[in-house]
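Peer 1: Sharing upload08.cif, mmCIF, C-alpha atoms:
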data_data
#
loop_
_atom_site.group_PDB
_atom_site.id
_atom_site.type_symbol
_atom_site.label_atom_id
_atom_site.label_comp_id
_atom_site.auth_asym_id
_atom_site.auth_seq_id
_atom_site.Cartn_x
_atom_site.Cartn_y
_atom_site.Cartn_z
ATOM 1 C CA MET T 1 0.000 0.000 0.000
ATOM 2 C CA LYS T 2 1.416 3.350 -1.004
ATOM 3 C CA LYS T 3 1.383 6.466 1.100
ATOM 4 C CA ILE T 4 -0.097 9.623 -0.311
ATOM 5 C CA LYS T 5 1.814 12.489 1.223
ATOM 6 C CA LYS T 6 0.410 15.914 1.900
ATOM 7 C CA SER T 7 1.119 18.236 -0.981
ATOM 8 C CA LYS T 8 -0.451 21.108 -2.869
ATOM 9 C CA TYR T 9 -3.023 19.979 -5.378
ATOM 10 C CA MET T 10 -2.821 21.305 -8.905
ATOM 11 C CA LEU T 11 -5.634 23.587 -9.987
ATOM 12 C CA ALA T 12 -8.045 21.604 -12.131
ATOM 13 C CA LEU T 13 -9.152 23.531 -15.177
ATOM 14 C CA ALA T 14 -11.668 21.888 -17.426
ATOM 15 C CA THR T 15 -13.949 24.060 -19.463
ATOM 16 C CA SER T 16 -14.887 21.884 -22.395
ATOM 17 C CA VAL T 17 -18.471 20.748 -22.759
ATOM 18 C CA LEU T 18 -19.644 17.387 -24.077
ATOM 19 C CA THR T 19 -23.090 15.827 -23.861
ATOM 20 C CA GLY T 20 -24.172 18.516 -21.457
ATOM 21 C CA ALA T 21 -21.388 17.919 -18.917
ATOM 22 C CA VAL T 22 -19.917 21.132 -17.547
ATOM 23 C CA VAL T 23 -16.828 21.266 -15.362
ATOM 24 C CA TYR T 24 -16.274 24.481 -13.469
ATOM 25 C CA ALA T 25 -12.819 25.890 -12.756
ATOM 26 C CA MET T 26 -11.839 25.426 -9.135
ATOM 27 C CA PRO T 27 -10.262 27.917 -6.721
ATOM 28 C CA THR T 28 -6.951 26.944 -5.142
ATOM 29 C CA THR T 29 -8.187 27.958 -1.697
ATOM 30 C CA ALA T 30 -11.617 28.472 -0.234
ATOM 31 C CA ALA T 31 -12.849 29.242 3.251
ATOM 32 C CA SER T 32 -16.292 27.988 2.316
ATOM 33 C CA ILE T 33 -18.143 26.521 -0.617
ATOM 34 C CA PRO T 34 -20.483 28.453 -2.928
ATOM 35 C CA PHE T 35 -23.048 25.652 -2.980
ATOM 36 C CA SER T 36 -26.425 26.484 -1.499
ATOM 37 C CA ASP T 37 -27.597 22.855 -1.422
ATOM 38 C CA ILE T 38 -25.211 21.626 1.301
ATOM 39 C CA LYS T 39 -25.889 22.782 4.842
ATOM 40 C CA ASN T 40 -23.099 23.837 7.168
ATOM 41 C CA ASP T 41 -24.804 22.401 10.234
ATOM 42 C CA SER T 42 -25.008 19.175 12.220
ATOM 43 C CA SER T 43 -27.274 17.517 9.641
ATOM 44 C CA GLU T 44 -24.593 17.587 6.912
ATOM 45 C CA GLU T 45 -21.467 18.440 8.862
ATOM 46 C CA GLU T 46 -19.147 15.780 7.412
ATOM 47 C CA LEU T 47 -20.513 16.254 3.906
ATOM 48 C CA TYR T 48 -19.957 20.006 4.082
ATOM 49 C CA ARG T 49 -16.430 19.503 5.396
ATOM 50 C CA ALA T 50 -15.633 16.919 2.716
ATOM 51 C CA VAL T 51 -16.951 18.924 -0.220
ATOM 52 C CA SER T 52 -15.356 22.126 1.087
ATOM 53 C CA ASP T 53 -11.953 20.467 1.417
ATOM 54 C CA LEU T 54 -12.060 18.645 -1.920
ATOM 55 C CA TYR T 55 -13.497 21.623 -3.788
ATOM 56 C CA SER T 56 -10.729 23.896 -2.494
ATOM 57 C CA LYS T 57 -8.178 21.417 -3.898
ATOM 58 C CA GLY T 58 -9.844 21.133 -7.287
ATOM 59 C CA ILE T 59 -10.873 17.521 -6.775
ATOM 60 C CA VAL T 60 -14.647 17.943 -7.039
ATOM 61 C CA PHE T 61 -16.891 20.415 -8.819
ATOM 62 C CA GLY T 62 -20.511 21.479 -8.742
ATOM 63 C CA THR T 63 -23.249 20.877 -11.261
ATOM 64 C CA THR T 64 -23.655 24.662 -11.466
ATOM 65 C CA SER T 65 -21.726 27.552 -9.945
ATOM 66 C CA THR T 66 -24.003 27.511 -6.871
ATOM 67 C CA THR T 67 -25.181 23.900 -6.574
ATOM 68 C CA PHE T 68 -23.286 20.691 -5.897
ATOM 69 C CA SER T 69 -26.258 18.310 -6.220
ATOM 70 C CA PRO T 70 -24.989 15.956 -3.488
ATOM 71 C CA TYR T 71 -27.937 13.572 -3.860
ATOM 72 C CA GLU T 72 -27.725 13.311 -7.637
ATOM 73 C CA ASN T 73 -26.268 10.149 -9.192
ATOM 74 C CA LEU T 74 -22.552 10.395 -9.972
ATOM 75 C CA THR T 75 -21.605 9.493 -13.530
ATOM 76 C CA ARG T 76 -18.685 7.245 -14.384
ATOM 77 C CA GLY T 77 -17.019 10.201 -16.076
ATOM 78 C CA GLU T 78 -17.362 12.370 -12.978
ATOM 79 C CA ALA T 79 -16.077 9.516 -10.832
ATOM 80 C CA ALA T 80 -12.966 9.296 -13.014
ATOM 81 C CA TYR T 81 -12.403 13.042 -12.637
ATOM 82 C CA PHE T 82 -12.829 13.008 -8.846
ATOM 83 C CA LEU T 83 -10.533 10.028 -8.318
ATOM 84 C CA ALA T 84 -7.805 11.014 -10.779
ATOM 85 C CA GLU T 85 -7.594 14.470 -9.204
ATOM 86 C CA ALA T 86 -7.532 12.996 -5.685
ATOM 87 C CA LEU T 87 -4.639 10.719 -6.704
ATOM 88 C CA GLN T 88 -2.872 13.626 -8.423
ATOM 89 C CA LEU T 89 -2.475 11.655 -11.648
ATOM 90 C CA ASP T 90 -1.094 13.206 -14.809
ATOM 91 C CA THR T 91 -4.170 13.685 -16.969
ATOM 92 C CA LYS T 92 -2.407 15.525 -19.794
ATOM 93 C CA ASN T 93 0.364 13.198 -20.947
ATOM 94 C CA VAL T 94 -1.747 10.083 -21.355
ATOM 95 C CA GLU T 95 -2.030 7.188 -23.762
ATOM 96 C CA ASN T 96 -5.391 6.673 -25.446
ATOM 97 C CA PRO T 97 -7.022 3.623 -23.822
ATOM 98 C CA GLY T 98 -9.186 3.141 -26.894
ATOM 99 C CA PHE T 99 -12.689 3.470 -25.460
ATOM 100 C CA LYS T 100 -14.960 4.077 -28.456
ATOM 101 C CA ASP T 101 -17.211 6.354 -26.400
ATOM 102 C CA VAL T 102 -14.379 8.464 -24.945
ATOM 103 C CA PRO T 103 -12.768 10.425 -27.798
ATOM 104 C CA THR T 104 -9.799 12.639 -27.069
ATOM 105 C CA THR T 105 -12.176 15.624 -27.121
ATOM 106 C CA HIS T 106 -14.280 14.242 -24.268
ATOM 107 C CA THR T 107 -14.482 16.356 -21.112
ATOM 108 C CA TYR T 108 -13.087 13.528 -18.976
ATOM 109 C CA TYR T 109 -10.780 11.919 -21.522
ATOM 110 C CA GLY T 110 -7.556 12.680 -19.657
ATOM 111 C CA HIS T 111 -8.889 11.478 -16.321
ATOM 112 C CA ILE T 112 -10.331 8.275 -17.742
ATOM 113 C CA ALA T 113 -7.120 7.581 -19.662
ATOM 114 C CA ALA T 114 -5.021 8.214 -16.546
ATOM 115 C CA LEU T 115 -7.017 5.679 -14.529
ATOM 116 C CA ALA T 116 -6.835 3.128 -17.354
ATOM 117 C CA ALA T 117 -3.056 3.534 -17.511
ATOM 118 C CA LYS T 118 -2.859 2.634 -13.808
ATOM 119 C CA ASN T 119 -5.220 -0.334 -14.318
ATOM 120 C CA ILE T 120 -7.682 1.261 -11.906
ATOM 121 C CA ILE T 121 -10.352 0.860 -14.551
ATOM 122 C CA GLN T 122 -10.396 -1.978 -17.043
ATOM 123 C CA LYS T 123 -9.721 -1.336 -20.707
ATOM 124 C CA SER T 124 -12.561 -2.544 -22.882
ATOM 125 C CA GLU T 125 -14.540 -1.478 -25.922
ATOM 126 C CA SER T 126 -16.580 1.152 -24.054
ATOM 127 C CA TYR T 127 -16.396 3.066 -20.771
ATOM 128 C CA ASN T 128 -19.948 4.462 -20.648
ATOM 129 C CA PRO T 129 -18.913 7.779 -19.063
ATOM 130 C CA SER T 130 -22.472 9.136 -18.871
ATOM 131 C CA ASN T 131 -23.822 6.126 -16.992
ATOM 132 C CA PRO T 132 -24.107 6.308 -13.203
ATOM 133 C CA ILE T 133 -21.485 4.415 -11.207
ATOM 134 C CA THR T 134 -22.582 1.680 -8.809
ATOM 135 C CA ARG T 135 -21.425 1.107 -5.238
ATOM 136 C CA SER T 136 -19.567 -2.074 -6.230
ATOM 137 C CA GLN T 137 -17.760 -0.260 -9.050
ATOM 138 C CA MET T 138 -16.893 2.547 -6.645
ATOM 139 C CA ALA T 139 -15.425 0.044 -4.189
ATOM 140 C CA LYS T 140 -13.146 -1.322 -6.894
ATOM 141 C CA ILE T 141 -11.727 1.958 -8.158
ATOM 142 C CA ILE T 142 -11.126 3.382 -4.672
ATOM 143 C CA THR T 143 -9.447 0.169 -3.494
ATOM 144 C CA LEU T 144 -7.190 0.014 -6.553
ATOM 145 C CA GLY T 145 -6.661 3.769 -6.784
ATOM 146 C CA PHE T 146 -5.433 4.179 -3.220
ATOM 147 C CA GLU T 147 -3.693 0.790 -3.319
ATOM 148 C CA LEU T 148 -5.464 -0.344 -0.185
ATOM 149 C CA GLU T 149 -4.490 -3.634 1.417
ATOM 150 C CA GLN T 150 -7.227 -5.897 0.161
ATOM 151 C CA ALA T 151 -9.225 -7.998 2.570
ATOM 152 C CA SER T 152 -8.369 -11.686 2.537
ATOM 153 C CA ARG T 153 -11.679 -12.774 4.080
ATOM 154 C CA ILE T 154 -15.250 -11.650 3.645
ATOM 155 C CA LEU T 155 -16.645 -10.997 7.109
ATOM 156 C CA ALA T 156 -19.183 -8.217 6.657
ATOM 157 C CA PRO T 157 -22.755 -9.424 7.379
ATOM 158 C CA PHE T 158 -24.168 -8.367 4.007
ATOM 159 C CA THR T 159 -26.678 -10.749 2.488
ATOM 160 C CA ASP T 160 -26.592 -9.048 -0.918
ATOM 161 C CA PHE T 161 -22.929 -9.450 -1.844
ATOM 162 C CA THR T 162 -22.276 -9.903 -5.561
ATOM 163 C CA ASN T 163 -21.561 -13.240 -7.228
ATOM 164 C CA ASP T 164 -18.010 -12.061 -7.927
ATOM 165 C CA ILE T 165 -15.578 -12.859 -5.098
ATOM 166 C CA GLU T 166 -13.060 -10.217 -6.204
ATOM 167 C CA THR T 167 -15.712 -7.500 -6.142
ATOM 168 C CA ASN T 168 -16.780 -8.580 -2.657
ATOM 169 C CA ARG T 169 -13.189 -8.210 -1.492
ATOM 170 C CA TYR T 170 -13.147 -4.611 -2.693
ATOM 171 C CA ILE T 171 -16.330 -3.972 -0.717
ATOM 172 C CA GLN T 172 -14.933 -5.655 2.385
ATOM 173 C CA THR T 173 -11.737 -3.645 2.009
ATOM 174 C CA LEU T 174 -13.592 -0.329 2.174
ATOM 175 C CA VAL T 175 -15.498 -1.580 5.200
ATOM 176 C CA ASN T 176 -12.203 -2.528 6.855
ATOM 177 C CA TYR T 177 -10.857 0.963 6.252
ATOM 178 C CA SER T 178 -14.098 2.586 7.488
ATOM 179 C CA ILE T 179 -14.380 4.427 4.180
ATOM 180 C CA THR T 180 -17.921 3.193 3.668
ATOM 181 C CA GLN T 181 -20.429 0.868 5.230
ATOM 182 C CA GLY T 182 -23.653 -0.821 4.276
ATOM 183 C CA THR T 183 -26.926 0.862 3.457
ATOM 184 C CA SER T 184 -28.234 -1.156 6.428
ATOM 185 C CA THR T 185 -26.750 -3.616 8.899
ATOM 186 C CA THR T 186 -27.295 -6.497 6.445
ATOM 187 C CA GLN T 187 -27.302 -4.782 3.034
ATOM 188 C CA PHE T 188 -24.512 -3.153 1.026
ATOM 189 C CA SER T 189 -26.639 -2.502 -2.077
ATOM 190 C CA PRO T 190 -23.751 -3.120 -4.530
ATOM 191 C CA TYR T 191 -25.824 -2.242 -7.589
ATOM 192 C CA THR T 192 -27.279 0.963 -6.177
ATOM 193 C CA TYR T 193 -25.908 4.133 -7.748
ATOM 194 C CA VAL T 194 -23.422 6.315 -5.897
ATOM 195 C CA LYS T 195 -24.439 9.913 -5.220
ATOM 196 C CA ARG T 196 -22.105 12.857 -5.796
ATOM 197 C CA GLY T 197 -22.018 13.620 -2.094
ATOM 198 C CA GLN T 198 -21.300 10.017 -1.182
ATOM 199 C CA MET T 199 -18.302 9.817 -3.512
ATOM 200 C CA SER T 200 -16.967 13.036 -2.009
ATOM 201 C CA LEU T 201 -17.208 11.493 1.456
ATOM 202 C CA PHE T 202 -15.503 8.257 0.376
ATOM 203 C CA ILE T 203 -12.576 10.086 -1.219
ATOM 204 C CA TYR T 204 -12.319 12.528 1.688
ATOM 205 C CA ARG T 205 -12.158 9.688 4.224
ATOM 206 C CA ALA T 206 -9.534 7.848 2.190
ATOM 207 C CA LEU T 207 -7.355 10.952 1.882
ATOM 208 C CA GLU T 208 -7.723 11.712 5.583
ATOM 209 C CA LYS T 209 -6.395 8.289 6.533
ATOM 210 C CA PHE T 210 -3.329 8.631 4.343
ATOM 211 C CA GLU T 211 -2.611 12.231 5.216
ATOM 212 C CA ASP T 212 -2.693 11.395 8.911
ATOM 213 C CA ASP T 213 -0.524 8.306 8.333
ATOM 214 C CA PHE T 214 -3.298 6.316 9.934
ATOM 215 C CA TYR T 215 -3.949 2.907 8.487
ATOM 216 C CA ILE T 216 -6.413 0.151 9.248
ATOM 217 C CA THR T 217 -5.118 -3.159 7.979
ATOM 218 C CA GLY T 218 -7.343 -5.645 6.210
ATOM 219 C CA ILE T 219 -8.977 -8.304 8.347
ATOM 220 C CA GLU T 220 -7.018 -11.534 8.168
#
When written as structure tokens, how does the structure in this file appear?
Peer 2:
Amino acid sequence: MKKIKKSKYMLALATSVLTGAVVYAMPTTAASIPFSDIKNDSSEEELYRAVSDLYSKGIVFGTTSTTFSPYENLTRGEAAYFLAEALQLDTKNVENPGFKDVPTTHTYYGHIAALAAKNIIQKSESYNPSNPITRSQMAKIITLGFELEQASRILAPFTDFTNDIETNRYIQTLVNYSITQGTSTTQFSPYTYVKRGQMSLFIYRALEKFEDDFYITGIE
């Protein structure tokens, strides 16, 4: 497992528009966020803190200049952007992974290509960047992206694990690291879509653990 050291994040500038996706330029520092749909109170305290921190570093962006849409489904393209920026990957000098639905002019081309180069996402015929990302897919890319120590045993009490053992290990890994948990005490809902706010929380928690040099090892 690699350590991600504290460092200044590069300003993310993406202004191209494709299929209605708009990425807003991010400030390098921010005392607060300009989004009116996240409350800075006890009801959304961690969410506000997560989005504020990630937004100030150029890792996440809003759906408009004043809304973040935390309860809106996150697309696979947005997920690639969030994660690649969190990992500080080079999204400019990239090799084309060959997805037929991600041309070099695509808003998230560089971020998707950067993740493919690191084998965080699998190279195939299509990437489906406009489709929402599921909780099981999220577990995989966060586990591989942050190079988390993968769980060797499946111990979580979820009755709806997938039929794929490898995918279940990614889910268990995030549970081990306290990055996410189930949607109930017995359900993980692996095929439910991830919300924009949820992904921000997952990435924020992962970064916090590395930045504090605090690690939770996988359950043996």
Peer 1: Write out as a PyMOL selection string which residues come within 9 Å of T:Phe188 when counting only C-alpha atoms, dropping same-chain ones fewer than 3 positions away.
Peer 2: chain T and resi 135-136+158-161+171+181-185+191-192
Peer 1: So which residues get picked by the PyMOL selection byres ((chain T and resi 104-117) around 7) here, written as a ChimeraX atom specification?
Peer 2: /T:16-18,77,80-81,84,89-92,94-97,102-103,118-123
Peer 1: For the residues selected in the previous step, produce a file with C-alpha atoms as an mmCIF file, keeping the file's coordinate frame.
Peer 2:
data_model
loop_
_atom_site.group_PDB
_atom_site.id
_atom_site.type_symbol
_atom_site.label_atom_id
_atom_site.label_comp_id
_atom_site.auth_asym_id
_atom_site.auth_seq_id
_atom_site.Cartn_x
_atom_site.Cartn_y
_atom_site.Cartn_z
ATOM 1 C CA SER T 16 -14.887 21.884 -22.395
ATOM 2 C CA VAL T 17 -18.471 20.748 -22.759
ATOM 3 C CA LEU T 18 -19.644 17.387 -24.077
ATOM 4 C CA GLY T 77 -17.019 10.201 -16.076
ATOM 5 C CA ALA T 80 -12.966 9.296 -13.014
ATOM 6 C CA TYR T 81 -12.403 13.042 -12.637
ATOM 7 C CA ALA T 84 -7.805 11.014 -10.779
ATOM 8 C CA LEU T 89 -2.475 11.655 -11.648
ATOM 9 C CA ASP T 90 -1.094 13.206 -14.809
ATOM 10 C CA THR T 91 -4.170 13.685 -16.969
ATOM 11 C CA LYS T 92 -2.407 15.525 -19.794
ATOM 12 C CA VAL T 94 -1.747 10.083 -21.355
ATOM 13 C CA GLU T 95 -2.030 7.188 -23.762
ATOM 14 C CA ASN T 96 -5.391 6.673 -25.446
ATOM 15 C CA PRO T 97 -7.022 3.623 -23.822
ATOM 16 C CA VAL T 102 -14.379 8.464 -24.945
ATOM 17 C CA PRO T 103 -12.768 10.425 -27.798
ATOM 18 C CA LYS T 118 -2.859 2.634 -13.808
ATOM 19 C CA ASN T 119 -5.220 -0.334 -14.318
ATOM 20 C CA ILE T 120 -7.682 1.261 -11.906
ATOM 21 C CA ILE T 121 -10.352 0.860 -14.551
ATOM 22 C CA GLN T 122 -10.396 -1.978 -17.043
ATOM 23 C CA LYS T 123 -9.721 -1.336 -20.707
#
Peer 1: Since I can't run it myself right now, could you work out what the PyMOL selection byres ((chain T and resi 129) around 6) selects here and report it as an MDAnalysis selection string?
Peer 2: chainID T and resid 76:77 127:128 130:131
Peer 1: Output the residue selection produced by the PyMOL selection byres ((chain T and resi 151) around 10) on the file above, formatted as an MDAnalysis selection string.
Peer 2: chainID T and resid 148:150 152:155 166 168:177 217:220
Peer 1: Please produce a file of the residues just selected, as a PDB file, in the coordinates of the input, where the atoms kept are C-alpha atoms.
Peer 2:
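The resulting file, out18.pdb, is shown below:
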ATOM      1  CA  LEU T 148      -5.464  -0.344  -0.185  1.00  0.00           C
ATOM      2  CA  GLU T 149      -4.490  -3.634   1.417  1.00  0.00           C
ATOM      3  CA  GLN T 150      -7.227  -5.897   0.161  1.00  0.00           C
ATOM      4  CA  SER T 152      -8.369 -11.686   2.537  1.00  0.00           C
ATOM      5  CA  ARG T 153     -11.679 -12.774   4.080  1.00  0.00           C
ATOM      6  CA  ILE T 154     -15.250 -11.650   3.645  1.00  0.00           C
ATOM      7  CA  LEU T 155     -16.645 -10.997   7.109  1.00  0.00           C
ATOM      8  CA  GLU T 166     -13.060 -10.217  -6.204  1.00  0.00           C
ATOM      9  CA  ASN T 168     -16.780  -8.580  -2.657  1.00  0.00           C
ATOM     10  CA  ARG T 169     -13.189  -8.210  -1.492  1.00  0.00           C
ATOM     11  CA  TYR T 170     -13.147  -4.611  -2.693  1.00  0.00           C
ATOM     12  CA  ILE T 171     -16.330  -3.972  -0.717  1.00  0.00           C
ATOM     13  CA  GLN T 172     -14.933  -5.655   2.385  1.00  0.00           C
ATOM     14  CA  THR T 173     -11.737  -3.645   2.009  1.00  0.00           C
ATOM     15  CA  LEU T 174     -13.592  -0.329   2.174  1.00  0.00           C
ATOM     16  CA  VAL T 175     -15.498  -1.580   5.200  1.00  0.00           C
ATOM     17  CA  ASN T 176     -12.203  -2.528   6.855  1.00  0.00           C
ATOM     18  CA  TYR T 177     -10.857   0.963   6.252  1.00  0.00           C
ATOM     19  CA  THR T 217      -5.118  -3.159   7.979  1.00  0.00           C
ATOM     20  CA  GLY T 218      -7.343  -5.645   6.210  1.00  0.00           C
ATOM     21  CA  ILE T 219      -8.977  -8.304   8.347  1.00  0.00           C
ATOM     22  CA  GLU T 220      -7.018 -11.534   8.168  1.00  0.00           C
TER      23      GLU T 220
END
Peer 1: What does the structure give for the distance between atom CA of T:Leu201 and atom CA of T:Asp164, in Å to one decimal?
Peer 2: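 Here the two named atoms are 25.4 Å from each other.
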Peer 1: Take the point (-18.1, 22.7, -7.7) in the file's coordinates, draw a sphere of radius 6 Å around it, and report as a VMD selection string every protein, DNA or RNA residue with an atom inside or on it, counting only C-alpha atoms.
Peer 2: chain T and resid 60 to 62 68
Peer 1: Taking all atoms listed in the file into account, name the residue in T:Ala86, T:Leu144, T:Ile179, T:Ile165 that is nearest to T:Leu54.
Peer 2: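 Of the candidates, the smallest distance to T:Leu54 is held by T:Ala86.
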Peer 1: In Å to one decimal, how far is atom CA of T:Ala50 from atom CA of T:Gln187?
Peer 2: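 Atom-to-atom, atom CA of T:Gln187 to atom CA of T:Ala50, that is 24.6 Å.
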Peer 1: Using all atoms listed in the file, which residue out of T:Thr143, T:Asn40, T:Thr63, T:Thr167 lies closest to T:Glu78?
Peer 2: T:Thr63
Peer 1: Between atom CA of T:Phe35 and atom CA of T:Lys209, what is the spacing in Å?
Peer 2: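 Calculated distance between atom CA of T:Lys209 and atom CA of T:Phe35 is 25.9 Å.
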Peer 1: Which of these residues is nearest to T:Leu74, using all atoms listed in the file: T:Gln198, T:Asn93, T:Ser124, T:Gln88?
Peer 2: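 Among T:Gln198, T:Asn93, T:Ser124, T:Gln88, it is T:Gln198 that comes nearest to T:Leu74.
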Peer 1: Need to verify the contact set: T:Val194, 9 Å, all atoms listed in the file, exclusion of same-chain residues closer than 3 positions in sequence. Can you return it as a ChimeraX atom specification?
Peer 2: /T:71-75,132-135,138,197-199
Peer 1: Which is closest to T:Thr67 among T:Lys100, T:Lys140, T:Lys39, T:Arg205, if we use all atoms listed in the file?
Peer 2: T:Lys39
